[in-house]
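This is protein36.cif. It holds mmCIF, C-alpha atoms.
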```
data_target
#
loop_
_atom_site.label_atom_id
_atom_site.label_comp_id
_atom_site.auth_asym_id
_atom_site.auth_seq_id
_atom_site.Cartn_x
_atom_site.Cartn_y
_atom_site.Cartn_z
CA MET U 1 368.10 138.50 2.75
CA ILE U 2 364.42 138.51 1.76
CA VAL U 3 363.85 140.26 -1.56
CA PHE U 4 360.30 139.09 -2.30
CA GLN U 5 357.49 138.02 0.01
CA LYS U 6 353.72 138.15 0.46
CA PRO U 7 352.52 141.60 1.51
CA LYS U 8 351.41 141.74 5.15
CA SER U 9 348.23 143.55 4.08
CA LEU U 10 347.20 140.56 1.92
CA CYS U 11 345.64 137.63 3.79
CA ASP U 12 347.22 134.21 3.37
CA VAL U 13 344.16 132.56 1.81
CA PRO U 14 343.40 131.15 -1.66
CA LEU U 15 341.82 133.59 -4.10
CA HIS U 16 338.53 132.62 -5.76
CA TYR U 17 339.39 134.21 -9.11
CA CYS U 18 339.59 132.21 -12.34
CA PRO U 19 342.99 130.98 -13.59
CA GLY U 20 344.81 133.79 -15.38
CA CYS U 21 342.60 136.54 -13.95
CA THR U 22 344.71 139.58 -13.10
CA HIS U 23 342.63 140.61 -10.06
CA GLY U 24 345.20 138.75 -7.97
CA ILE U 25 348.03 140.89 -9.32
CA ILE U 26 346.08 144.08 -8.63
CA HIS U 27 345.24 142.92 -5.10
CA ARG U 28 348.92 142.42 -4.46
CA LEU U 29 349.84 145.88 -5.76
CA VAL U 30 347.24 147.51 -3.50
CA ALA U 31 348.52 145.52 -0.51
CA GLU U 32 352.14 146.38 -1.29
CA ALA U 33 351.28 150.08 -1.44
CA ILE U 34 349.50 149.86 1.93
CA ASP U 35 352.49 148.04 3.45
CA GLU U 36 355.08 150.45 2.10
CA LEU U 37 353.14 153.48 3.30
CA GLY U 38 352.61 151.89 6.72
CA ILE U 39 348.87 152.58 6.75
CA GLU U 40 347.31 149.12 7.22
CA GLY U 41 345.95 149.94 10.69
CA GLU U 42 344.35 153.13 9.40
CA THR U 43 342.96 151.81 6.10
CA ILE U 44 339.37 150.89 5.28
CA GLY U 45 338.56 149.18 1.98
CA VAL U 46 335.15 149.15 0.31
CA ALA U 47 334.20 146.06 -1.70
CA PRO U 48 331.34 146.32 -4.22
CA VAL U 49 329.32 143.76 -6.14
CA GLY U 50 331.15 141.97 -8.96
CA CYS U 51 334.11 139.63 -9.29
CA ALA U 52 335.78 141.43 -6.37
CA VAL U 53 332.73 141.06 -4.13
CA MET U 54 334.77 138.94 -1.70
CA ALA U 55 337.74 141.30 -1.55
CA TYR U 56 337.01 141.58 2.17
CA ASN U 57 338.44 138.06 2.52
CA TYR U 58 341.78 139.06 1.02
CA PHE U 59 342.84 142.38 2.52
CA ALA U 60 344.03 142.44 6.14
CA CYS U 61 342.69 145.95 6.73
CA ASP U 62 339.11 146.77 7.77
CA MET U 63 336.64 146.20 4.93
CA VAL U 64 333.05 147.30 4.26
CA GLU U 65 330.67 145.73 1.73
CA ALA U 66 328.76 148.20 -0.47
CA ALA U 67 325.64 147.79 -2.56
CA HIS U 68 326.19 147.45 -6.31
CA GLY U 69 327.81 150.63 -7.66
CA ARG U 70 327.65 152.52 -4.37
CA ALA U 71 331.24 152.06 -3.21
CA PRO U 72 332.29 155.72 -3.78
CA ALA U 73 329.25 156.88 -1.79
CA VAL U 74 330.07 154.48 1.06
CA ALA U 75 333.75 155.51 0.90
CA THR U 76 332.71 159.16 1.06
CA GLY U 77 330.63 158.51 4.17
CA LEU U 78 333.47 156.63 5.87
CA LYS U 79 336.02 159.31 5.07
CA ARG U 80 333.80 162.18 6.18
CA ALA U 81 332.91 160.34 9.41
CA ASP U 82 336.61 159.85 10.24
CA PRO U 83 338.95 161.92 8.02
CA SER U 84 341.98 160.34 9.71
CA LYS U 85 341.30 157.01 7.97
CA ILE U 86 342.63 156.05 4.55
CA VAL U 87 339.66 154.84 2.50
CA PHE U 88 339.73 153.05 -0.85
CA SER U 89 337.18 151.35 -3.07
CA TYR U 90 338.02 148.43 -5.36
CA GLN U 91 335.55 148.23 -8.26
CA GLY U 92 335.02 146.54 -11.61
CA ASP U 93 333.75 148.16 -14.79
CA GLY U 94 330.22 146.74 -14.52
CA ASP U 95 330.01 148.24 -11.05
CA LEU U 96 331.77 151.58 -11.44
CA ALA U 97 330.99 152.44 -15.06
CA SER U 98 327.37 151.28 -15.16
CA ILE U 99 325.12 151.22 -12.08
CA GLY U 100 327.68 153.28 -10.15
CA THR U 101 328.40 155.98 -12.72
CA ALA U 102 326.64 158.73 -10.77
CA GLU U 103 328.47 157.91 -7.52
CA THR U 104 331.77 157.90 -9.40
CA VAL U 105 331.21 161.21 -11.18
CA HIS U 106 329.89 163.11 -8.19
CA SER U 107 332.53 161.88 -5.72
CA ALA U 108 335.13 162.96 -8.29
CA THR U 109 333.62 166.37 -8.97
CA ARG U 110 333.45 167.00 -5.20
CA ASN U 111 337.10 165.93 -4.99
CA GLU U 112 336.35 163.61 -2.10
CA ASN U 113 339.61 162.61 -0.42
CA ILE U 114 339.35 158.90 -1.30
CA THR U 115 341.20 156.45 -3.53
CA VAL U 116 339.37 154.44 -6.20
CA ILE U 117 340.87 151.34 -7.84
CA PHE U 118 338.91 150.70 -11.04
CA VAL U 119 339.44 147.33 -12.76
CA ASN U 120 338.45 147.41 -16.44
CA ASN U 121 338.25 144.02 -18.19
CA ALA U 122 335.62 145.09 -20.75
CA ILE U 123 333.03 142.54 -19.66
CA TYR U 124 330.68 141.49 -16.86
CA GLY U 125 332.76 138.75 -15.30
CA MET U 126 330.84 137.48 -12.28
CA THR U 127 327.47 137.13 -13.99
CA GLY U 128 328.61 135.17 -17.03
CA GLY U 129 330.22 137.45 -19.59
CA GLN U 130 327.58 139.92 -20.72
CA MET U 131 328.41 143.15 -22.56
CA ALA U 132 329.61 145.88 -20.21
CA PRO U 133 329.80 149.68 -20.62
CA THR U 134 333.48 149.18 -21.42
CA THR U 135 333.07 146.35 -23.98
CA LEU U 136 334.96 147.24 -27.15
CA PRO U 137 333.24 147.91 -30.49
CA GLY U 138 332.80 144.57 -32.24
CA GLN U 139 333.69 142.57 -29.13
CA VAL U 140 331.77 139.31 -28.79
CA THR U 141 330.06 138.68 -25.43
CA GLN U 142 327.13 136.58 -24.22
CA THR U 143 324.74 139.43 -24.99
CA SER U 144 326.51 140.64 -28.14
CA PRO U 145 327.16 137.36 -29.98
CA TYR U 146 327.77 139.20 -33.26
CA GLY U 147 329.99 141.80 -31.60
CA ARG U 148 329.10 145.11 -29.97
CA ASP U 149 327.19 147.19 -32.50
CA VAL U 150 327.85 150.83 -31.67
CA ASN U 151 324.86 151.92 -33.77
CA HIS U 152 322.61 149.96 -31.44
CA CYS U 153 324.49 149.93 -28.12
CA GLY U 154 326.57 153.08 -28.32
CA TYR U 155 330.29 153.41 -27.72
CA PRO U 156 332.27 152.23 -24.69
CA VAL U 157 332.52 154.57 -21.72
CA LYS U 158 336.05 155.87 -21.26
CA ILE U 159 336.06 156.66 -17.56
CA SER U 160 339.54 158.18 -17.26
CA GLU U 161 338.98 160.53 -20.17
CA MET U 162 335.54 161.50 -18.86
CA LEU U 163 336.63 162.21 -15.29
CA SER U 164 339.67 164.15 -16.48
CA GLN U 165 337.33 166.81 -17.86
CA LEU U 166 335.98 167.56 -14.39
CA GLU U 167 337.60 170.33 -12.36
CA GLY U 168 337.39 168.39 -9.11
CA PRO U 169 339.58 165.28 -9.17
CA GLU U 170 343.22 165.42 -8.15
CA TYR U 171 344.68 162.47 -10.03
CA ILE U 172 343.46 160.13 -12.79
CA GLU U 173 345.74 157.53 -14.41
CA ARG U 174 345.17 154.45 -16.56
CA VAL U 175 347.58 151.54 -16.18
CA ALA U 176 347.70 147.85 -17.13
CA VAL U 177 349.02 144.62 -15.60
CA ASN U 178 349.87 142.57 -18.69
CA ASN U 179 353.67 142.62 -18.39
CA VAL U 180 356.38 143.43 -15.87
CA LYS U 181 356.92 147.01 -17.03
CA ASN U 182 353.23 147.85 -16.87
CA ILE U 183 352.83 146.13 -13.50
CA ARG U 184 355.61 148.30 -12.08
CA ASN U 185 353.98 151.42 -13.47
CA ALA U 186 350.66 150.31 -12.00
CA LYS U 187 352.28 149.89 -8.60
CA LYS U 188 353.68 153.43 -8.73
CA ALA U 189 350.31 154.87 -9.72
CA ILE U 190 348.42 153.03 -6.97
CA LYS U 191 350.93 154.08 -4.34
CA LYS U 192 350.74 157.69 -5.53
CA ALA U 193 346.94 157.59 -5.30
CA PHE U 194 347.18 156.51 -1.67
CA GLN U 195 349.86 159.13 -0.96
CA ASN U 196 347.60 161.81 -2.43
CA GLN U 197 344.95 160.86 0.11
CA ILE U 198 347.47 160.89 2.96
CA ASP U 199 348.49 164.39 1.85
CA GLY U 200 344.85 165.50 1.72
CA LYS U 201 344.92 166.28 -2.00
CA GLY U 202 341.57 164.69 -2.84
CA PHE U 203 340.07 162.21 -5.26
CA SER U 204 342.38 159.78 -7.09
CA LEU U 205 341.25 157.06 -9.49
CA ILE U 206 343.52 154.43 -10.99
CA GLU U 207 341.98 152.57 -13.92
CA VAL U 208 343.64 149.18 -14.37
CA ILE U 209 343.26 147.42 -17.71
CA SER U 210 342.76 143.77 -16.76
CA SER U 211 342.10 140.44 -18.47
CA CYS U 212 339.20 137.98 -18.18
CA PRO U 213 340.37 134.74 -19.85
CA THR U 214 337.25 132.78 -18.87
CA ASN U 215 334.66 135.13 -20.35
CA TRP U 216 336.86 136.17 -23.25
CA GLY U 217 337.16 132.48 -24.14
CA LEU U 218 340.96 132.61 -24.26
CA SER U 219 343.88 131.01 -22.46
CA PRO U 220 345.56 133.22 -19.84
CA GLU U 221 348.51 133.79 -22.18
CA LYS U 222 346.35 134.69 -25.18
CA ALA U 223 344.15 136.89 -22.99
CA LEU U 224 347.15 139.06 -22.11
CA GLN U 225 348.04 139.23 -25.80
CA TRP U 226 344.45 140.23 -26.69
CA LEU U 227 344.57 142.89 -23.98
CA GLU U 228 347.74 144.40 -25.44
CA GLU U 229 346.54 144.25 -29.04
CA ASN U 230 342.96 145.42 -28.50
CA MET U 231 342.28 147.03 -25.14
CA ILE U 232 345.35 149.22 -24.72
CA PRO U 233 344.99 150.81 -28.18
CA TYR U 234 341.36 151.67 -27.37
CA TYR U 235 342.11 152.64 -23.77
CA PRO U 236 345.55 154.33 -23.98
CA LEU U 237 347.66 154.17 -20.83
CA GLY U 238 348.89 157.29 -19.10
CA VAL U 239 348.12 160.14 -16.72
CA TYR U 240 344.87 161.87 -17.60
CA LYS U 241 344.83 164.40 -14.77
CA ASP U 242 347.35 165.41 -12.10
CA ARG U 243 346.46 168.77 -10.61
CA SER U 244 349.54 168.98 -8.39
CA ALA U 245 351.90 168.25 -11.28
CA GLU U 246 350.07 170.74 -13.48
CA LYS U 247 350.34 173.41 -10.79
CA GLU U 248 354.06 172.76 -10.31
CA ALA U 249 354.63 172.95 -14.06
CA ALA U 250 352.74 176.25 -14.27
CA GLU U 251 354.80 177.73 -11.43
CA ALA U 252 358.14 176.54 -12.86
#
```
Let me see whether you can do it: turn the structure in this file into structure tokens.
Amino acid sequence: MIVFQKPKSLCDVPLHYCPGCTHGIIHRLVAEAIDELGIEGETIGVAPVGCAVMAYNYFACDMVEAAHGRAPAVATGLKRADPSKIVFSYQGDGDLASIGTAETVHSATRNENITVIFVNNAIYGMTGGQMAPTTLPGQVTQTSPYGRDVNHCGYPVKISEMLSQLEGPEYIERVAVNNVKNIRNAKKAIKKAFQNQIDGKGFSLIEVISSCPTNWGLSPEKALQWLEENMIPYYPLGVYKDRSAEKEAAEA
């Protein structure tokens, strides 16, 4: 009896990510959700610019490459052109929370029926470890060698909290992949986001707190510890918006 195997929606190829990077875990969770919902043949993924720029090599579904930050706009076009397809974008924080902020906000406020997987590792990973919109106060990066100074650079952008204030989006949740419990919760959230799209409920975004051992200058093990001790307190996990659940609670 097989109890654990590679998801069919994940290609059997080596990943290019650095040792200890949790992109691989998140890829697997997305692929497992696609498999379990039986939607691989109807799914289109949108890969942006960033560490996940080559995500099209890893998912067995159709994939489209988007310009930097424009994945929600491309996903919107795909979904509107063929509403029968299940469309998701897979984006990092430098992509979604910086150059792509407008596309993110406006696709959410329009409640576009797409699914967004947002990977937040608090740094620009692909380009060498510069400060990102999500870099923590005091965090050392290549462009903030003395730590992020909020008086000079402002505070980190909290995407889940920000989008939850909009009337449009259906479902916003922040999860993490630093331990087994959190990975299981992340899987449930990602699968729910896809199910929301299948049910025609609208825009769902899952923010995944992730590690970047290489650019954080830590071992994979210590990176997960740093994530738990620093990132999760600043970016609390949980559901930030669930319109269907709120409606059910109001009617109960």
Discussion item. From (339.0, 162.1, 0.6), in the file's coordinates, out to 9 Å: which residues are reached, counting only C-alpha atoms? Answer as an MDAnalysis selection string.
Written reply: chainID U and resid 75:76 79:80 83 86:87 111:115 197:198 200:204
Discussion item. Need to verify the contact set: stretch 174-190 of chain U, 7 Å, all atoms listed in the file, exclusion of same-chain residues closer than 5 positions in sequence. Can you return it as a ChimeraX atom specification?
Written reply: /U:29-30,33,160,206-210,224,237-239
Discussion item. With the PyMOL selection byres ((chain U and resi 99-106) around 8) as the selection, what would be picked from this file? Answer as a VMD selection string, please.
Written reply: chain U and resid 68 to 73 94 to 98 107 to 110 163
Worksheet entry | Nearest to U:Gly92 by atom-to-atom distance, counting all atoms listed in the file, from U:Ala67, U:Ala245, U:Glu40, U:Val49 |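 Among the listed residues, U:Val49 lies closest to U:Gly92.
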Discussion item. Let me make sure I understand: among U:Gly50, U:Gly147, U:Pro169, U:Pro137, which one has the smallest atom-to-atom distance to U:Met231 if we use all atoms listed in the file?
Written reply: U:Pro137
For stretch 121-230 of chain U versus stretch 14-18 of chain U, which residues have an atom no more than 9 Å away, and what is each residue's nearest atom pair and distance in Å rounded to one decimal, using all atoms listed in the file, chain-then-number order, as a tab-separated table?
```
residue	atom	partner	partner_atom	distance
U:Cys212	CA	U:Cys18	CA	8.2
U:Pro213	CA	U:Cys18	CA	8.0
U:Thr214	CA	U:Cys18	CA	7.0
```
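Here, the PyMOL selection byres ((chain U and resi 38) around 12) matches Pro7, Lys8, Ser9, Ala31, Glu32, Ala33, Ile34, Asp35, Glu36, Leu37, Ile39, Glu40, Gly41, Glu42, Thr43, Cys61, Ile86, Lys191, Phe194, Gln195 and Ile198 of chain U.
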Applied to the shown file, which residues does the PyMOL selection byres ((chain U and resi 217) around 12) return, written as a compact mmCIF listing (two decimals) with C-alpha atoms, in the coordinates of the input?
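The file below, expr_31.txt, is the result:
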```txt
# COMPACT_ATOMS: atom_id res chain seq x y z
CA GLY U 20 344.81 133.79 -15.38
CA ILE U 123 333.03 142.54 -19.66
CA GLY U 125 332.76 138.75 -15.30
CA GLY U 128 328.61 135.17 -17.03
CA GLY U 129 330.22 137.45 -19.59
CA GLN U 139 333.69 142.57 -29.13
CA VAL U 140 331.77 139.31 -28.79
CA THR U 141 330.06 138.68 -25.43
CA GLN U 142 327.13 136.58 -24.22
CA SER U 211 342.10 140.44 -18.47
CA CYS U 212 339.20 137.98 -18.18
CA PRO U 213 340.37 134.74 -19.85
CA THR U 214 337.25 132.78 -18.87
CA ASN U 215 334.66 135.13 -20.35
CA TRP U 216 336.86 136.17 -23.25
CA LEU U 218 340.96 132.61 -24.26
CA SER U 219 343.88 131.01 -22.46
CA PRO U 220 345.56 133.22 -19.84
CA GLU U 221 348.51 133.79 -22.18
CA LYS U 222 346.35 134.69 -25.18
CA ALA U 223 344.15 136.89 -22.99
CA TRP U 226 344.45 140.23 -26.69
```
Fill in: atom CA of U:Lys158 to atom CA of U:Gly24, distance in Å rounded to a single decimal
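Going from atom CA of U:Lys158 over to atom CA of U:Gly24 covers 23.5 Å.
One distance worth recording is that between atom CA of U:Ala249 and atom CA of U:Glu173, which is 17.8 Å.
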Item to complete: Could you tell me which of U:Thr134, U:Ile44, U:Thr22, U:Tyr90 comes closest to U:Gly77 if we count only C-alpha atoms?
Response: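 Using only C-alpha atoms, the shortest distance to U:Gly77 belongs to U:Ile44.
Take the candidates U:Lys241, U:Thr127, U:Asn121, U:Val157 and check each one against U:Tyr171 using all atoms listed in the file; the shortest distance goes to U:Lys241.
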Worksheet entry | Between atom CA of U:Ile26 and atom CA of U:Val119 - distance in Å to one decimal | 8.5 Å
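Using all atoms listed in the file, the nearest neighbour of U:Tyr58 within the list U:Leu10, U:Val46, U:Leu78, U:Ile25 is U:Leu10.
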Worksheet item: Using all atoms listed in the file, which of U:Ala55, U:Val74, U:Val64, U:Ile159 sits nearest U:Asp93?
Response: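 When distances to U:Asp93 are compared using all atoms listed in the file, the smallest one comes from U:Ile159.
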